[in-house]
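**Q** Got work-v5.cif for you, mmCIF, N, CA and C atoms:
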data_protein
#
loop_
_atom_site.group_PDB
_atom_site.id
_atom_site.type_symbol
_atom_site.label_atom_id
_atom_site.label_comp_id
_atom_site.auth_asym_id
_atom_site.auth_seq_id
_atom_site.Cartn_x
_atom_site.Cartn_y
_atom_site.Cartn_z
ATOM 1 N N MET V 249 11.125 -0.399 -35.870
ATOM 2 C CA MET V 249 11.445 -0.783 -34.501
ATOM 3 C C MET V 249 10.391 -0.179 -33.566
ATOM 4 N N ASN V 250 9.880 -0.995 -32.661
ATOM 5 C CA ASN V 250 8.870 -0.543 -31.709
ATOM 6 C C ASN V 250 9.492 0.342 -30.641
ATOM 7 N N LYS V 251 8.682 1.262 -30.156
ATOM 8 C CA LYS V 251 9.115 2.125 -29.052
ATOM 9 C C LYS V 251 8.417 1.692 -27.776
ATOM 10 N N CYS V 252 9.113 1.809 -26.665
ATOM 11 C CA CYS V 252 8.549 1.498 -25.362
ATOM 12 C C CYS V 252 7.501 2.555 -25.015
ATOM 13 N N PRO V 253 6.281 2.145 -24.657
ATOM 14 C CA PRO V 253 5.247 3.122 -24.326
ATOM 15 C C PRO V 253 5.494 3.843 -22.998
ATOM 16 N N ILE V 254 6.427 3.336 -22.207
ATOM 17 C CA ILE V 254 6.713 3.970 -20.919
ATOM 18 C C ILE V 254 7.773 5.054 -21.072
ATOM 19 N N CYS V 255 8.914 4.690 -21.654
ATOM 20 C CA CYS V 255 10.029 5.648 -21.732
ATOM 21 C C CYS V 255 10.225 6.246 -23.119
ATOM 22 N N GLY V 256 9.638 5.640 -24.143
ATOM 23 C CA GLY V 256 9.767 6.151 -25.500
ATOM 24 C C GLY V 256 11.012 5.690 -26.232
ATOM 25 N N ASN V 257 11.876 4.945 -25.564
ATOM 26 C CA ASN V 257 13.085 4.437 -26.217
ATOM 27 C C ASN V 257 12.750 3.239 -27.087
ATOM 28 N N PRO V 258 13.598 2.970 -28.101
ATOM 29 C CA PRO V 258 13.357 1.796 -28.939
ATOM 30 C C PRO V 258 13.476 0.503 -28.121
ATOM 31 N N ILE V 259 12.643 -0.471 -28.451
ATOM 32 C CA ILE V 259 12.732 -1.787 -27.814
ATOM 33 C C ILE V 259 13.735 -2.596 -28.618
ATOM 34 N N LYS V 260 14.857 -2.911 -28.002
ATOM 35 C CA LYS V 260 15.919 -3.677 -28.657
ATOM 36 C C LYS V 260 15.875 -5.115 -28.159
ATOM 37 N N GLY V 261 16.161 -6.047 -29.036
ATOM 38 C CA GLY V 261 16.181 -7.449 -28.634
ATOM 39 C C GLY V 261 14.791 -7.930 -28.273
ATOM 40 N N PHE V 262 14.714 -8.711 -27.212
ATOM 41 C CA PHE V 262 13.427 -9.246 -26.779
ATOM 42 C C PHE V 262 12.734 -8.255 -25.847
ATOM 43 N N PRO V 263 11.453 -7.963 -26.109
ATOM 44 C CA PRO V 263 10.724 -7.050 -25.221
ATOM 45 C C PRO V 263 10.330 -7.750 -23.922
ATOM 46 N N ALA V 264 10.036 -6.948 -22.936
ATOM 47 C CA ALA V 264 9.445 -7.443 -21.685
ATOM 48 C C ALA V 264 7.946 -7.196 -21.773
ATOM 49 N N LEU V 265 7.181 -7.916 -20.983
ATOM 50 C CA LEU V 265 5.745 -7.656 -20.888
ATOM 51 C C LEU V 265 5.486 -6.826 -19.642
ATOM 52 N N SER V 266 4.703 -5.779 -19.797
ATOM 53 C CA SER V 266 4.372 -4.926 -18.666
ATOM 54 C C SER V 266 3.596 -5.711 -17.622
ATOM 55 N N ARG V 267 3.912 -5.479 -16.356
ATOM 56 C CA ARG V 267 3.184 -6.117 -15.258
ATOM 57 C C ARG V 267 1.810 -5.485 -15.072
ATOM 58 N N GLU V 268 1.577 -4.343 -15.692
ATOM 59 C CA GLU V 268 0.282 -3.670 -15.559
ATOM 60 C C GLU V 268 -0.839 -4.467 -16.203
ATOM 61 N N ASP V 269 -0.565 -5.025 -17.412
ATOM 62 C CA ASP V 269 -1.626 -5.765 -18.104
ATOM 63 C C ASP V 269 -1.159 -7.118 -18.644
ATOM 64 N N ASN V 270 0.121 -7.416 -18.489
ATOM 65 C CA ASN V 270 0.711 -8.672 -18.951
ATOM 66 C C ASN V 270 0.544 -8.875 -20.456
ATOM 67 N N GLN V 271 0.419 -7.761 -21.204
ATOM 68 C CA GLN V 271 0.265 -7.827 -22.659
ATOM 69 C C GLN V 271 1.130 -6.812 -23.385
ATOM 70 N N THR V 272 1.262 -5.627 -22.814
ATOM 71 C CA THR V 272 1.973 -4.543 -23.477
ATOM 72 C C THR V 272 3.470 -4.810 -23.481
ATOM 73 N N GLU V 273 4.068 -4.722 -24.668
ATOM 74 C CA GLU V 273 5.508 -4.907 -24.781
ATOM 75 C C GLU V 273 6.221 -3.615 -24.392
ATOM 76 N N ILE V 274 7.202 -3.746 -23.495
ATOM 77 C CA ILE V 274 8.003 -2.615 -23.042
ATOM 78 C C ILE V 274 9.479 -2.991 -23.147
ATOM 79 N N CYS V 275 10.352 -2.002 -23.005
ATOM 80 C CA CYS V 275 11.783 -2.281 -23.094
ATOM 81 C C CYS V 275 12.266 -3.020 -21.838
ATOM 82 N N SER V 276 13.413 -3.635 -21.953
ATOM 83 C CA SER V 276 13.967 -4.407 -20.838
ATOM 84 C C SER V 276 14.200 -3.545 -19.608
ATOM 85 N N ASP V 277 14.679 -2.311 -19.798
ATOM 86 C CA ASP V 277 14.925 -1.440 -18.642
ATOM 87 C C ASP V 277 13.626 -1.141 -17.892
ATOM 88 N N CYS V 278 12.570 -0.818 -18.615
ATOM 89 C CA CYS V 278 11.288 -0.532 -17.958
ATOM 90 C C CYS V 278 10.710 -1.797 -17.330
ATOM 91 N N GLY V 279 10.923 -2.956 -17.964
ATOM 92 C CA GLY V 279 10.484 -4.220 -17.379
ATOM 93 C C GLY V 279 11.189 -4.482 -16.054
ATOM 94 N N ARG V 280 12.493 -4.208 -16.024
ATOM 95 C CA ARG V 280 13.258 -4.388 -14.775
ATOM 96 C C ARG V 280 12.775 -3.405 -13.715
ATOM 97 N N ASN V 281 12.501 -2.163 -14.116
ATOM 98 C CA ASN V 281 12.006 -1.164 -13.162
ATOM 99 C C ASN V 281 10.649 -1.564 -12.585
ATOM 100 N N GLU V 282 9.752 -2.083 -13.426
ATOM 101 C CA GLU V 282 8.450 -2.535 -12.929
ATOM 102 C C GLU V 282 8.621 -3.693 -11.944
ATOM 103 N N ALA V 283 9.528 -4.610 -12.257
ATOM 104 C CA ALA V 283 9.756 -5.754 -11.364
ATOM 105 C C ALA V 283 10.307 -5.291 -10.017
ATOM 106 N N MET V 284 11.249 -4.365 -10.038
ATOM 107 C CA MET V 284 11.831 -3.864 -8.785
ATOM 108 C C MET V 284 10.792 -3.128 -7.965
ATOM 109 N N LEU V 285 9.968 -2.314 -8.607
ATOM 110 C CA LEU V 285 8.927 -1.581 -7.898
ATOM 111 C C LEU V 285 7.927 -2.552 -7.256
ATOM 112 N N ALA V 286 7.559 -3.615 -7.970
ATOM 113 C CA ALA V 286 6.645 -4.618 -7.414
ATOM 114 C C ALA V 286 7.279 -5.288 -6.196
ATOM 115 N N TRP V 287 8.581 -5.572 -6.262
ATOM 116 C CA TRP V 287 9.278 -6.209 -5.145
ATOM 117 C C TRP V 287 9.311 -5.281 -3.928
ATOM 118 N N VAL V 288 9.596 -3.989 -4.148
ATOM 119 C CA VAL V 288 9.639 -3.017 -3.051
ATOM 120 C C VAL V 288 8.257 -2.878 -2.422
ATOM 121 N N ARG V 289 7.219 -2.774 -3.237
ATOM 122 C CA ARG V 289 5.847 -2.682 -2.702
ATOM 123 C C ARG V 289 5.519 -3.903 -1.844
ATOM 124 N N HIS V 290 5.883 -5.078 -2.337
ATOM 125 C CA HIS V 290 5.631 -6.309 -1.597
ATOM 126 C C HIS V 290 6.336 -6.272 -0.240
ATOM 127 N N LYS V 291 7.591 -5.854 -0.213
ATOM 128 C CA LYS V 291 8.358 -5.789 1.038
ATOM 129 C C LYS V 291 7.725 -4.800 2.018
ATOM 130 N N ILE V 292 7.273 -3.656 1.518
ATOM 131 C CA ILE V 292 6.642 -2.647 2.371
ATOM 132 C C ILE V 292 5.355 -3.203 2.988
ATOM 133 N N ILE V 293 4.548 -3.881 2.188
ATOM 134 C CA ILE V 293 3.287 -4.424 2.681
ATOM 135 C C ILE V 293 3.543 -5.544 3.686
ATOM 136 N N MET V 294 4.527 -6.392 3.423
ATOM 137 C CA MET V 294 4.854 -7.460 4.375
ATOM 138 C C MET V 294 5.327 -6.873 5.705
ATOM 139 N N LYS V 295 6.097 -5.792 5.647
ATOM 140 C CA LYS V 295 6.548 -5.129 6.881
ATOM 141 C C LYS V 295 5.356 -4.559 7.632
ATOM 142 N N ARG V 296 4.424 -3.953 6.922
ATOM 143 C CA ARG V 296 3.228 -3.396 7.562
ATOM 144 C C ARG V 296 2.394 -4.493 8.208
ATOM 145 N N LYS V 297 2.280 -5.639 7.562
ATOM 146 C CA LYS V 297 1.533 -6.756 8.133
ATOM 147 C C LYS V 297 2.200 -7.262 9.407
ATOM 148 N N GLU V 298 3.530 -7.260 9.434
ATOM 149 C CA GLU V 298 4.257 -7.658 10.650
ATOM 150 C C GLU V 298 4.098 -6.613 11.749
ATOM 151 N N GLU V 299 4.097 -5.340 11.365
ATOM 152 C CA GLU V 299 4.019 -4.248 12.338
ATOM 153 C C GLU V 299 2.637 -4.128 12.970
ATOM 154 N N TYR V 300 1.586 -4.445 12.211
ATOM 155 C CA TYR V 300 0.211 -4.308 12.692
ATOM 156 C C TYR V 300 -0.553 -5.626 12.568
ATOM 157 N N PRO V 301 -0.160 -6.665 13.319
ATOM 158 C CA PRO V 301 -0.917 -7.925 13.247
ATOM 159 C C PRO V 301 -2.301 -7.752 13.870
ATOM 160 N N ALA V 302 -3.192 -8.667 13.525
ATOM 161 C CA ALA V 302 -4.543 -8.642 14.102
ATOM 162 C C ALA V 302 -4.445 -8.593 15.618
ATOM 163 N N GLY V 303 -5.273 -7.741 16.229
ATOM 164 C CA GLY V 303 -5.284 -7.583 17.683
ATOM 165 C C GLY V 303 -4.460 -6.415 18.191
ATOM 166 N N THR V 304 -3.634 -5.815 17.324
ATOM 167 C CA THR V 304 -2.836 -4.662 17.733
ATOM 168 C C THR V 304 -3.756 -3.490 18.062
ATOM 169 N N ARG V 305 -3.509 -2.852 19.180
ATOM 170 C CA ARG V 305 -4.303 -1.682 19.566
ATOM 171 C C ARG V 305 -3.660 -0.440 18.955
ATOM 172 N N ILE V 306 -4.504 0.430 18.417
ATOM 173 C CA ILE V 306 -4.024 1.679 17.814
ATOM 174 C C ILE V 306 -4.825 2.862 18.357
ATOM 175 N N GLN V 307 -4.207 4.032 18.226
ATOM 176 C CA GLN V 307 -4.878 5.287 18.565
ATOM 177 C C GLN V 307 -4.856 6.147 17.319
ATOM 178 N N LEU V 308 -6.018 6.618 16.914
ATOM 179 C CA LEU V 308 -6.130 7.494 15.762
ATOM 180 C C LEU V 308 -5.744 8.905 16.181
ATOM 181 N N ILE V 309 -4.817 9.505 15.463
ATOM 182 C CA ILE V 309 -4.400 10.874 15.760
ATOM 183 C C ILE V 309 -5.159 11.847 14.862
ATOM 184 N N SER V 310 -5.194 11.572 13.574
ATOM 185 C CA SER V 310 -5.972 12.402 12.652
ATOM 186 C C SER V 310 -6.244 11.609 11.389
ATOM 187 N N MET V 311 -7.225 12.068 10.636
ATOM 188 C CA MET V 311 -7.572 11.414 9.378
ATOM 189 C C MET V 311 -7.376 12.388 8.240
ATOM 190 N N GLY V 312 -7.230 11.838 7.050
ATOM 191 C CA GLY V 312 -7.149 12.672 5.858
ATOM 192 C C GLY V 312 -8.477 13.370 5.622
ATOM 193 N N LYS V 313 -8.818 13.581 4.390
ATOM 194 C CA LYS V 313 -10.036 14.314 4.042
ATOM 195 C C LYS V 313 -11.252 13.393 4.040
ATOM 196 N N ASP V 314 -11.523 12.774 5.154
ATOM 197 C CA ASP V 314 -12.680 11.888 5.278
ATOM 198 C C ASP V 314 -13.914 12.731 5.587
ATOM 199 N N PRO V 315 -15.019 12.537 4.861
ATOM 200 C CA PRO V 315 -16.225 13.345 5.113
ATOM 201 C C PRO V 315 -16.896 13.021 6.449
ATOM 202 N N ASP V 316 -16.611 11.845 6.998
ATOM 203 C CA ASP V 316 -17.199 11.443 8.273
ATOM 204 C C ASP V 316 -16.085 10.854 9.142
ATOM 205 N N PRO V 317 -15.149 11.707 9.587
ATOM 206 C CA PRO V 317 -13.975 11.190 10.291
ATOM 207 C C PRO V 317 -14.308 10.585 11.649
ATOM 208 N N ILE V 318 -13.486 9.639 12.024
ATOM 209 C CA ILE V 318 -13.557 9.089 13.374
ATOM 210 C C ILE V 318 -12.910 10.115 14.288
ATOM 211 N N PRO V 319 -13.459 10.361 15.473
ATOM 212 C CA PRO V 319 -12.930 11.405 16.350
ATOM 213 C C PRO V 319 -11.455 11.204 16.726
ATOM 214 N N TYR V 320 -10.782 12.319 16.878
ATOM 215 C CA TYR V 320 -9.397 12.386 17.324
ATOM 216 C C TYR V 320 -9.222 11.582 18.611
ATOM 217 N N ASN V 321 -8.105 10.868 18.719
ATOM 218 C CA ASN V 321 -7.736 10.055 19.882
ATOM 219 C C ASN V 321 -8.583 8.796 20.068
ATOM 220 N N SER V 322 -9.430 8.434 19.098
ATOM 221 C CA SER V 322 -10.210 7.203 19.217
ATOM 222 C C SER V 322 -9.276 6.007 19.245
ATOM 223 N N LEU V 323 -9.661 5.003 20.024
ATOM 224 C CA LEU V 323 -8.888 3.770 20.121
ATOM 225 C C LEU V 323 -9.572 2.681 19.317
ATOM 226 N N GLY V 324 -8.765 1.792 18.756
ATOM 227 C CA GLY V 324 -9.311 0.694 17.978
ATOM 228 C C GLY V 324 -8.385 -0.503 17.973
ATOM 229 N N THR V 325 -8.856 -1.568 17.343
ATOM 230 C CA THR V 325 -8.109 -2.807 17.257
ATOM 231 C C THR V 325 -7.959 -3.191 15.789
ATOM 232 N N VAL V 326 -6.735 -3.526 15.397
ATOM 233 C CA VAL V 326 -6.475 -3.944 14.021
ATOM 234 C C VAL V 326 -7.134 -5.295 13.775
ATOM 235 N N GLU V 327 -7.885 -5.378 12.665
ATOM 236 C CA GLU V 327 -8.479 -6.650 12.256
ATOM 237 C C GLU V 327 -7.564 -7.371 11.265
ATOM 238 N N HIS V 328 -7.016 -6.613 10.302
ATOM 239 C CA HIS V 328 -6.055 -7.171 9.348
ATOM 240 C C HIS V 328 -5.457 -6.055 8.495
ATOM 241 N N VAL V 329 -4.391 -6.387 7.809
ATOM 242 C CA VAL V 329 -3.794 -5.497 6.807
ATOM 243 C C VAL V 329 -4.004 -6.188 5.466
ATOM 244 N N ASP V 330 -4.622 -5.479 4.518
ATOM 245 C CA ASP V 330 -4.911 -6.119 3.237
ATOM 246 C C ASP V 330 -3.691 -6.095 2.307
ATOM 247 N N ASP V 331 -3.861 -6.612 1.108
ATOM 248 C CA ASP V 331 -2.739 -6.768 0.185
ATOM 249 C C ASP V 331 -2.297 -5.479 -0.497
ATOM 250 N N ILE V 332 -2.960 -4.370 -0.218
ATOM 251 C CA ILE V 332 -2.446 -3.084 -0.695
ATOM 252 C C ILE V 332 -1.928 -2.233 0.469
ATOM 253 N N GLY V 333 -1.926 -2.810 1.673
ATOM 254 C CA GLY V 333 -1.328 -2.153 2.825
ATOM 255 C C GLY V 333 -2.277 -1.338 3.687
ATOM 256 N N THR V 334 -3.574 -1.393 3.414
ATOM 257 C CA THR V 334 -4.543 -0.680 4.239
ATOM 258 C C THR V 334 -4.706 -1.420 5.566
ATOM 259 N N VAL V 335 -4.658 -0.666 6.670
ATOM 260 C CA VAL V 335 -4.784 -1.244 8.009
ATOM 261 C C VAL V 335 -6.254 -1.147 8.421
ATOM 262 N N HIS V 336 -6.945 -2.282 8.415
ATOM 263 C CA HIS V 336 -8.376 -2.315 8.737
ATOM 264 C C HIS V 336 -8.568 -2.466 10.242
ATOM 265 N N CYS V 337 -9.355 -1.558 10.822
ATOM 266 C CA CYS V 337 -9.530 -1.504 12.276
ATOM 267 C C CYS V 337 -11.007 -1.454 12.655
ATOM 268 N N LYS V 338 -11.276 -1.975 13.835
ATOM 269 C CA LYS V 338 -12.589 -1.797 14.455
ATOM 270 C C LYS V 338 -12.346 -0.906 15.665
ATOM 271 N N PHE V 339 -13.005 0.239 15.668
ATOM 272 C CA PHE V 339 -12.815 1.203 16.747
ATOM 273 C C PHE V 339 -13.765 0.911 17.904
ATOM 274 N N ASP V 340 -13.360 1.362 19.077
ATOM 275 C CA ASP V 340 -14.132 1.106 20.291
ATOM 276 C C ASP V 340 -15.525 1.737 20.236
ATOM 277 N N ASN V 341 -15.700 2.742 19.371
ATOM 278 C CA ASN V 341 -17.018 3.373 19.240
ATOM 279 C C ASN V 341 -17.931 2.601 18.280
ATOM 280 N N GLY V 342 -17.450 1.434 17.779
ATOM 281 C CA GLY V 342 -18.264 0.587 16.920
ATOM 282 C C GLY V 342 -17.999 0.744 15.436
ATOM 283 N N ARG V 343 -17.310 1.795 15.051
ATOM 284 C CA ARG V 343 -17.038 2.008 13.628
ATOM 285 C C ARG V 343 -15.875 1.159 13.164
ATOM 286 N N CYS V 344 -15.925 0.781 11.898
ATOM 287 C CA CYS V 344 -14.833 0.046 11.258
ATOM 288 C C CYS V 344 -14.326 0.897 10.103
ATOM 289 N N LEU V 345 -13.017 0.897 9.925
ATOM 290 C CA LEU V 345 -12.437 1.727 8.873
ATOM 291 C C LEU V 345 -11.060 1.218 8.514
ATOM 292 N N GLY V 346 -10.708 1.363 7.250
ATOM 293 C CA GLY V 346 -9.359 1.065 6.800
ATOM 294 C C GLY V 346 -8.534 2.334 6.850
ATOM 295 N N LEU V 347 -7.399 2.265 7.529
ATOM 296 C CA LEU V 347 -6.505 3.414 7.641
ATOM 297 C C LEU V 347 -5.380 3.291 6.623
ATOM 298 N N ILE V 348 -5.034 4.414 6.015
ATOM 299 C CA ILE V 348 -4.001 4.437 4.996
ATOM 300 C C ILE V 348 -2.779 5.145 5.552
ATOM 301 N N VAL V 349 -1.680 4.398 5.633
ATOM 302 C CA VAL V 349 -0.422 4.970 6.119
ATOM 303 C C VAL V 349 -0.023 6.117 5.193
ATOM 304 N N GLY V 350 0.329 7.249 5.785
ATOM 305 C CA GLY V 350 0.716 8.424 5.010
ATOM 306 C C GLY V 350 -0.426 9.397 4.775
ATOM 307 N N ILE V 351 -1.645 8.927 4.919
ATOM 308 C CA ILE V 351 -2.817 9.813 4.792
ATOM 309 C C ILE V 351 -3.485 9.955 6.144
ATOM 310 N N ASP V 352 -3.704 8.829 6.802
ATOM 311 C CA ASP V 352 -4.259 8.833 8.154
ATOM 312 C C ASP V 352 -3.100 8.719 9.140
ATOM 313 N N ASP V 353 -3.211 9.422 10.253
ATOM 314 C CA ASP V 353 -2.142 9.410 11.242
ATOM 315 C C ASP V 353 -2.612 8.624 12.452
ATOM 316 N N PHE V 354 -1.887 7.563 12.787
ATOM 317 C CA PHE V 354 -2.242 6.721 13.912
ATOM 318 C C PHE V 354 -0.961 6.105 14.488
ATOM 319 N N ARG V 355 -1.095 5.552 15.697
ATOM 320 C CA ARG V 355 0.066 4.939 16.335
ATOM 321 C C ARG V 355 -0.381 3.732 17.121
ATOM 322 N N LYS V 356 0.589 2.862 17.402
ATOM 323 C CA LYS V 356 0.326 1.707 18.255
ATOM 324 C C LYS V 356 0.163 2.162 19.683
ATOM 325 N N VAL V 357 -0.668 1.464 20.427
ATOM 326 C CA VAL V 357 -0.849 1.712 21.849
ATOM 327 C C VAL V 357 -0.346 0.478 22.582
ATOM 328 N N ASN V 358 0.528 0.676 23.555
ATOM 329 C CA ASN V 358 1.055 -0.466 24.321
ATOM 330 C C ASN V 358 0.083 -0.896 25.391
#
In structure tokens, how does this file's structure come out?
**A**
Amino acid sequence: MNKCPICGNPIKGFPALSREDNQTEICSDCGRNEAMLAWVRHKIIMKRKEEYPAGTRIQLISMGKDPDPIPYNSLGTVEHVDDIGTVHCKFDNGRCLGLIVGIDDFRKVN
């Protein structure tokens, strides 16, 4: 009997295919968990796209460990949010950068 490479439990009945490579056989429970995680990620990214549509003005509060950070309090305009949730902005100082929610700190400006 095959073991699931994710949880180590035996694969009973029909295996699921991992969403990571669409080839690896995993147990049904891990297959369901991967599907739910993909659905949650999709919902989070769709919410971010709604929250930061193109043209939204933002103010940068701080950046993560960027070697060439954009200055504190810089203002910019959202160009788009990509499919992994990065908020791409063009700042008033001419720089363009993708901001990562949870690493970079920024807010909408009314």
**Q** Nearest to Asp314 (chain V): which of V:Glu273, V:Glu282, V:Asp352, V:Glu268 is it, counting only C-alpha atoms?
**A** V:Asp352
**Q** For Lys295 (chain V), which residue out of V:Cys275, V:Ile332, V:Ala283, V:Leu323 is the nearest one, using only C-alpha atoms?
**A**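 Smallest distance to Lys295 (chain V) is found for V:Ile332.
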**Q** Mind checking DSSP for region 257-323 of chain V and telling me the helix (DSSP H, G or I) residues as a list in words?
**A**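 Matching residues, listed in order: Ser276, Asp277, Cys278, Gly279, Arg280, Asn281, Glu282, Ala283, Met284, Leu285, Ala286, Trp287, Val288, Arg289, His290, Lys291, Ile292, Ile293, Met294, Lys295, Arg296, Lys297, Glu298 and Glu299 of chain V.
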**Q** Which value, in Å to one decimal, gives the distance between atom C of Asn341 (chain V) and atom N of Pro317 (chain V)?
**A**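 Spanning atom C of Asn341 (chain V) to atom N of Pro317 (chain V) is a straight-line distance of 12.9 Å.
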**Q** Excluding same-chain residues fewer than 2 positions from Asn281 (chain V), what lies within 12 Å of it counting only C-alpha atoms, as a tab-separated table (two decimals) with N, CA and C atoms, in the frame of the given file?
**A**
chain	number	residue	atom	x	y	z
V	254	ILE	N	6.43	3.34	-22.21
V	254	ILE	CA	6.71	3.97	-20.92
V	254	ILE	C	7.77	5.05	-21.07
V	255	CYS	N	8.91	4.69	-21.65
V	255	CYS	CA	10.03	5.65	-21.73
V	255	CYS	C	10.22	6.25	-23.12
V	264	ALA	N	10.04	-6.95	-22.94
V	264	ALA	CA	9.44	-7.44	-21.68
V	264	ALA	C	7.95	-7.20	-21.77
V	265	LEU	N	7.18	-7.92	-20.98
V	265	LEU	CA	5.74	-7.66	-20.89
V	265	LEU	C	5.49	-6.83	-19.64
V	266	SER	N	4.70	-5.78	-19.80
V	266	SER	CA	4.37	-4.93	-18.67
V	266	SER	C	3.60	-5.71	-17.62
V	267	ARG	N	3.91	-5.48	-16.36
V	267	ARG	CA	3.18	-6.12	-15.26
V	267	ARG	C	1.81	-5.48	-15.07
V	274	ILE	N	7.20	-3.75	-23.50
V	274	ILE	CA	8.00	-2.62	-23.04
V	274	ILE	C	9.48	-2.99	-23.15
V	275	CYS	N	10.35	-2.00	-23.00
V	275	CYS	CA	11.78	-2.28	-23.09
V	275	CYS	C	12.27	-3.02	-21.84
V	276	SER	N	13.41	-3.64	-21.95
V	276	SER	CA	13.97	-4.41	-20.84
V	276	SER	C	14.20	-3.54	-19.61
V	277	ASP	N	14.68	-2.31	-19.80
V	277	ASP	CA	14.92	-1.44	-18.64
V	277	ASP	C	13.63	-1.14	-17.89
V	278	CYS	N	12.57	-0.82	-18.61
V	278	CYS	CA	11.29	-0.53	-17.96
V	278	CYS	C	10.71	-1.80	-17.33
V	279	GLY	N	10.92	-2.96	-17.96
V	279	GLY	CA	10.48	-4.22	-17.38
V	279	GLY	C	11.19	-4.48	-16.05
V	283	ALA	N	9.53	-4.61	-12.26
V	283	ALA	CA	9.76	-5.75	-11.36
V	283	ALA	C	10.31	-5.29	-10.02
V	284	MET	N	11.25	-4.36	-10.04
V	284	MET	CA	11.83	-3.86	-8.78
V	284	MET	C	10.79	-3.13	-7.96
V	285	LEU	N	9.97	-2.31	-8.61
V	285	LEU	CA	8.93	-1.58	-7.90
V	285	LEU	C	7.93	-2.55	-7.26
V	286	ALA	N	7.56	-3.62	-7.97
V	286	ALA	CA	6.64	-4.62	-7.41
V	286	ALA	C	7.28	-5.29	-6.20
V	287	TRP	N	8.58	-5.57	-6.26
V	287	TRP	CA	9.28	-6.21	-5.14
V	287	TRP	C	9.31	-5.28	-3.93
V	288	VAL	N	9.60	-3.99	-4.15
V	288	VAL	CA	9.64	-3.02	-3.05
V	288	VAL	C	8.26	-2.88	-2.42
**Q** Rounded to one decimal in Å, what is the spacing between CA of Phe339 (chain V) and atom N of Glu299 (chain V)?
**A**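 A separation of 18.9 Å between them.
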**Q** If the PyMOL selection byres (((chain V and resi 334 and name CA) around 12) and name CA) were run on this exact file, what residues would it hold? Put them as a PyMOL selection string.
**A** chain V and resi 292-294+296-297+300+326-333+335-337+345-352
**Q** If you apply the PyMOL selection byres ((chain V and resi 309-311) around 8) to this file, what residues do you get, as a list of chain:residue names?
**A** V:Ile306, V:Gln307, V:Leu308, V:Gly312, V:Lys313, V:Asp314, V:Pro317, V:Ile318, V:Pro319, V:Tyr320, V:Asn321, V:Ser322, V:Ile351, V:Asp352, V:Asp353, V:Phe354, V:Arg355
**Q** Could the residues in this selection be saved with N, CA and C atoms as an mmCIF file, in the frame of the given file?
**A**
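Once everything was written out, this is part-v3.cif:
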data_model
loop_
_atom_site.group_PDB
_atom_site.id
_atom_site.type_symbol
_atom_site.label_atom_id
_atom_site.label_comp_id
_atom_site.auth_asym_id
_atom_site.auth_seq_id
_atom_site.Cartn_x
_atom_site.Cartn_y
_atom_site.Cartn_z
ATOM 1 N N ILE V 306 -4.504 0.430 18.417
ATOM 2 C CA ILE V 306 -4.024 1.679 17.814
ATOM 3 C C ILE V 306 -4.825 2.862 18.357
ATOM 4 N N GLN V 307 -4.207 4.032 18.226
ATOM 5 C CA GLN V 307 -4.878 5.287 18.565
ATOM 6 C C GLN V 307 -4.856 6.147 17.319
ATOM 7 N N LEU V 308 -6.018 6.618 16.914
ATOM 8 C CA LEU V 308 -6.130 7.494 15.762
ATOM 9 C C LEU V 308 -5.744 8.905 16.181
ATOM 10 N N GLY V 312 -7.230 11.838 7.050
ATOM 11 C CA GLY V 312 -7.149 12.672 5.858
ATOM 12 C C GLY V 312 -8.477 13.370 5.622
ATOM 13 N N LYS V 313 -8.818 13.581 4.390
ATOM 14 C CA LYS V 313 -10.036 14.314 4.042
ATOM 15 C C LYS V 313 -11.252 13.393 4.040
ATOM 16 N N ASP V 314 -11.523 12.774 5.154
ATOM 17 C CA ASP V 314 -12.680 11.888 5.278
ATOM 18 C C ASP V 314 -13.914 12.731 5.587
ATOM 19 N N PRO V 317 -15.149 11.707 9.587
ATOM 20 C CA PRO V 317 -13.975 11.190 10.291
ATOM 21 C C PRO V 317 -14.308 10.585 11.649
ATOM 22 N N ILE V 318 -13.486 9.639 12.024
ATOM 23 C CA ILE V 318 -13.557 9.089 13.374
ATOM 24 C C ILE V 318 -12.910 10.115 14.288
ATOM 25 N N PRO V 319 -13.459 10.361 15.473
ATOM 26 C CA PRO V 319 -12.930 11.405 16.350
ATOM 27 C C PRO V 319 -11.455 11.204 16.726
ATOM 28 N N TYR V 320 -10.782 12.319 16.878
ATOM 29 C CA TYR V 320 -9.397 12.386 17.324
ATOM 30 C C TYR V 320 -9.222 11.582 18.611
ATOM 31 N N ASN V 321 -8.105 10.868 18.719
ATOM 32 C CA ASN V 321 -7.736 10.055 19.882
ATOM 33 C C ASN V 321 -8.583 8.796 20.068
ATOM 34 N N SER V 322 -9.430 8.434 19.098
ATOM 35 C CA SER V 322 -10.210 7.203 19.217
ATOM 36 C C SER V 322 -9.276 6.007 19.245
ATOM 37 N N ILE V 351 -1.645 8.927 4.919
ATOM 38 C CA ILE V 351 -2.817 9.813 4.792
ATOM 39 C C ILE V 351 -3.485 9.955 6.144
ATOM 40 N N ASP V 352 -3.704 8.829 6.802
ATOM 41 C CA ASP V 352 -4.259 8.833 8.154
ATOM 42 C C ASP V 352 -3.100 8.719 9.140
ATOM 43 N N ASP V 353 -3.211 9.422 10.253
ATOM 44 C CA ASP V 353 -2.142 9.410 11.242
ATOM 45 C C ASP V 353 -2.612 8.624 12.452
ATOM 46 N N PHE V 354 -1.887 7.563 12.787
ATOM 47 C CA PHE V 354 -2.242 6.721 13.912
ATOM 48 C C PHE V 354 -0.961 6.105 14.488
ATOM 49 N N ARG V 355 -1.095 5.552 15.697
ATOM 50 C CA ARG V 355 0.066 4.939 16.335
ATOM 51 C C ARG V 355 -0.381 3.732 17.121
#
**Q** For atom C of Lys251 (chain V) and atom C of Thr272 (chain V), quote the distance in Å rounded to one decimal.
**A** 9.2 Å
**Q** Pull the strand (DSSP E) assignments for region 293-353 of chain V out of DSSP run on the backbone, and list those residues as a list of chain:residue names.
**A**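 The residues of region 293-353 of chain V classed as strand (DSSP E) are V:Arg305, V:Ile306, V:Gln307, V:Leu308, V:Ile309, V:Ser310, V:Leu323, V:Gly324, V:Thr325, V:Val326, V:Glu327, V:His328, V:Val329, V:Val335, V:His336, V:Cys337, V:Lys338, V:Phe339, V:Cys344, V:Leu345, V:Gly346, V:Leu347, V:Asp353.
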